[in-house]
Amino acid sequence: DGLIKKALLAFIEELSRDPDLLPCGLECLESEQEQALDMVAKLEKQPSNLVIAQGGDIQVQDLTGDWDLIFTTSSTMKFNQGLSGLGGSFPNGRFGGVVQKLQASKYTSDIEYKERIEVPAGASFDVTVTGEWRLKGTVNLFTGEPTTVMCVEPEKVVVGPTSNKADHWKSLGPLNLLDITYVDEDLRVMRGNTSTDTIFIFQRRA
């Protein structure tokens, strides 16, 4: 059971070794992407998957915490070279990774993405996206199995002193409605609600 997860993490780590390539698999080859998708499909069937153990019923407390995005096949993120698109459009800037922070209390569920934009000569900065998230029980369109969908409503995008309404940022779209297809204590896989080959793999920060 643990072997598939270990192999997937080792594969992703290998992809991240080349410092000239963007992190999270944004510049990986199509063959490498296919390999990752195959491994994820096997991982999703493992008994360690809470989605299986809980009959598709994932709870908020299964997800709260800080998660690093470690791999994605999202064509939107590849096109934008990151989450906000600022990495590719900023002079000498490049995407340096993104952390997803999920918090929940009795009344609110807050989400924050912190995207690192690396710029030479100490000019690196963070792009912070804040909003709300919720979970919705539904049925997977493709498998007919019960599933939990994570719905995100981004509200603000903050860059330095400027704050913008998030509804103008089309680049955030692919993360707003995702099926949770695998989760354990420190790894989570989410797939596009309608495009199942779009995956996002998050690893919980220790």
# chains A, B, ... in the order shown; residues from 1 in each chain; ligands from 1

$ residues_around --residues "Val157 (chain A)" --least-positions-apart "3" --cutoff "8 Å" --atoms "only C-alpha atoms" --output "ChimeraX atom specification"
/A:127-130,163-166

$ residues_around --residues "Ser105 (chain A)" --least-positions-apart "3" --cutoff "12 Å" --atoms "only C-alpha atoms" --output "list in words"
Val60, Gln61, Thr64, Leu102, Thr108, Ser109, Asp110, Ile111, Glu132, Trp133 and Arg134 of chain A

$ closest_residue --among "A:Asn92, A:Ser124, A:Gln203, A:Thr72" --to "Glu34 (chain A)" --atoms "only C-alpha atoms"
A:Thr72

$ residues_around --residues "region 94-99 of chain A" --least-positions-apart "6" --cutoff "6 Å" --atoms "only C-alpha atoms" --output "list in words"
Trp67, Asp68, Leu69, Gly82, Gly87, Gly88, Tyr113, Lys114, Glu115, Arg116, Ile117 and Glu118 of chain A

$ closest_atom_pairs --of "region 53-134 of chain A" --to "region 179-198 of chain A" --cutoff "9 Å" --atoms "only C-alpha atoms" --output "CSV"
residue,atom,partner,partner_atom,distance
A:Gly56,CA,A:Thr181,CA,8.3
A:Ile58,CA,A:Ile180,CA,8.1
A:Asp62,CA,A:Glu185,CA,7.8
A:Leu63,CA,A:Val183,CA,8.3
A:Trp67,CA,A:Asp186,CA,8.5
A:Thr72,CA,A:Thr198,CA,7.2
A:Thr73,CA,A:Thr198,CA,5.3
A:Ser74,CA,A:Thr198,CA,5.1
A:Ser75,CA,A:Thr198,CA,7.7

$ residues_around --residues "Glu13 (chain A)" --least-positions-apart "4" --cutoff "10 Å" --atoms "only C-alpha atoms" --output "ChimeraX atom specification"
/A:7-9,17-18,23-25,70-71

$ atom_distance --atom1 "CA of Gln59 (chain A)" --atom2 "CA of Arg204 (chain A)"
16.0 Å

$ closest_residue --among "A:Leu3, A:Leu21, A:Val158, A:Ala123" --to "Leu43 (chain A)" --atoms "only C-alpha atoms"
A:Leu3

$ select_by_dssp --residues "region 109-178 of chain A" --states "helix (DSSP H, G or I)" --output "list of chain:residue names"
A:Ala166, A:Asp167, A:His168, A:Lys170, A:Ser171, A:Leu172, A:Gly173, A:Pro174, A:Leu175

$ write_last_selection --atoms "C-alpha atoms" --output "PDB file, in the first residue's frame"
ATOM      1  CA  ALA A 166     -10.425  37.921  -6.979  1.00  0.00           C
ATOM      2  CA  ASP A 167     -13.289  37.569  -9.460  1.00  0.00           C
ATOM      3  CA  HIS A 168     -11.125  39.345 -12.075  1.00  0.00           C
ATOM      4  CA  LYS A 170      -9.430  33.976 -14.267  1.00  0.00           C
ATOM      5  CA  SER A 171      -6.245  32.027 -13.483  1.00  0.00           C
ATOM      6  CA  LEU A 172      -7.706  30.912 -10.125  1.00  0.00           C
ATOM      7  CA  GLY A 173     -10.657  29.183 -11.837  1.00  0.00           C
ATOM      8  CA  PRO A 174      -9.337  25.603 -12.064  1.00  0.00           C
ATOM      9  CA  LEU A 175      -8.952  25.351  -8.265  1.00  0.00           C
TER      10      LEU A 175
END

$ closest_residue --among "A:Leu15, A:Val149, A:Ala104, A:Val119" --to "Asp57 (chain A)" --atoms "only C-alpha atoms"
A:Val149
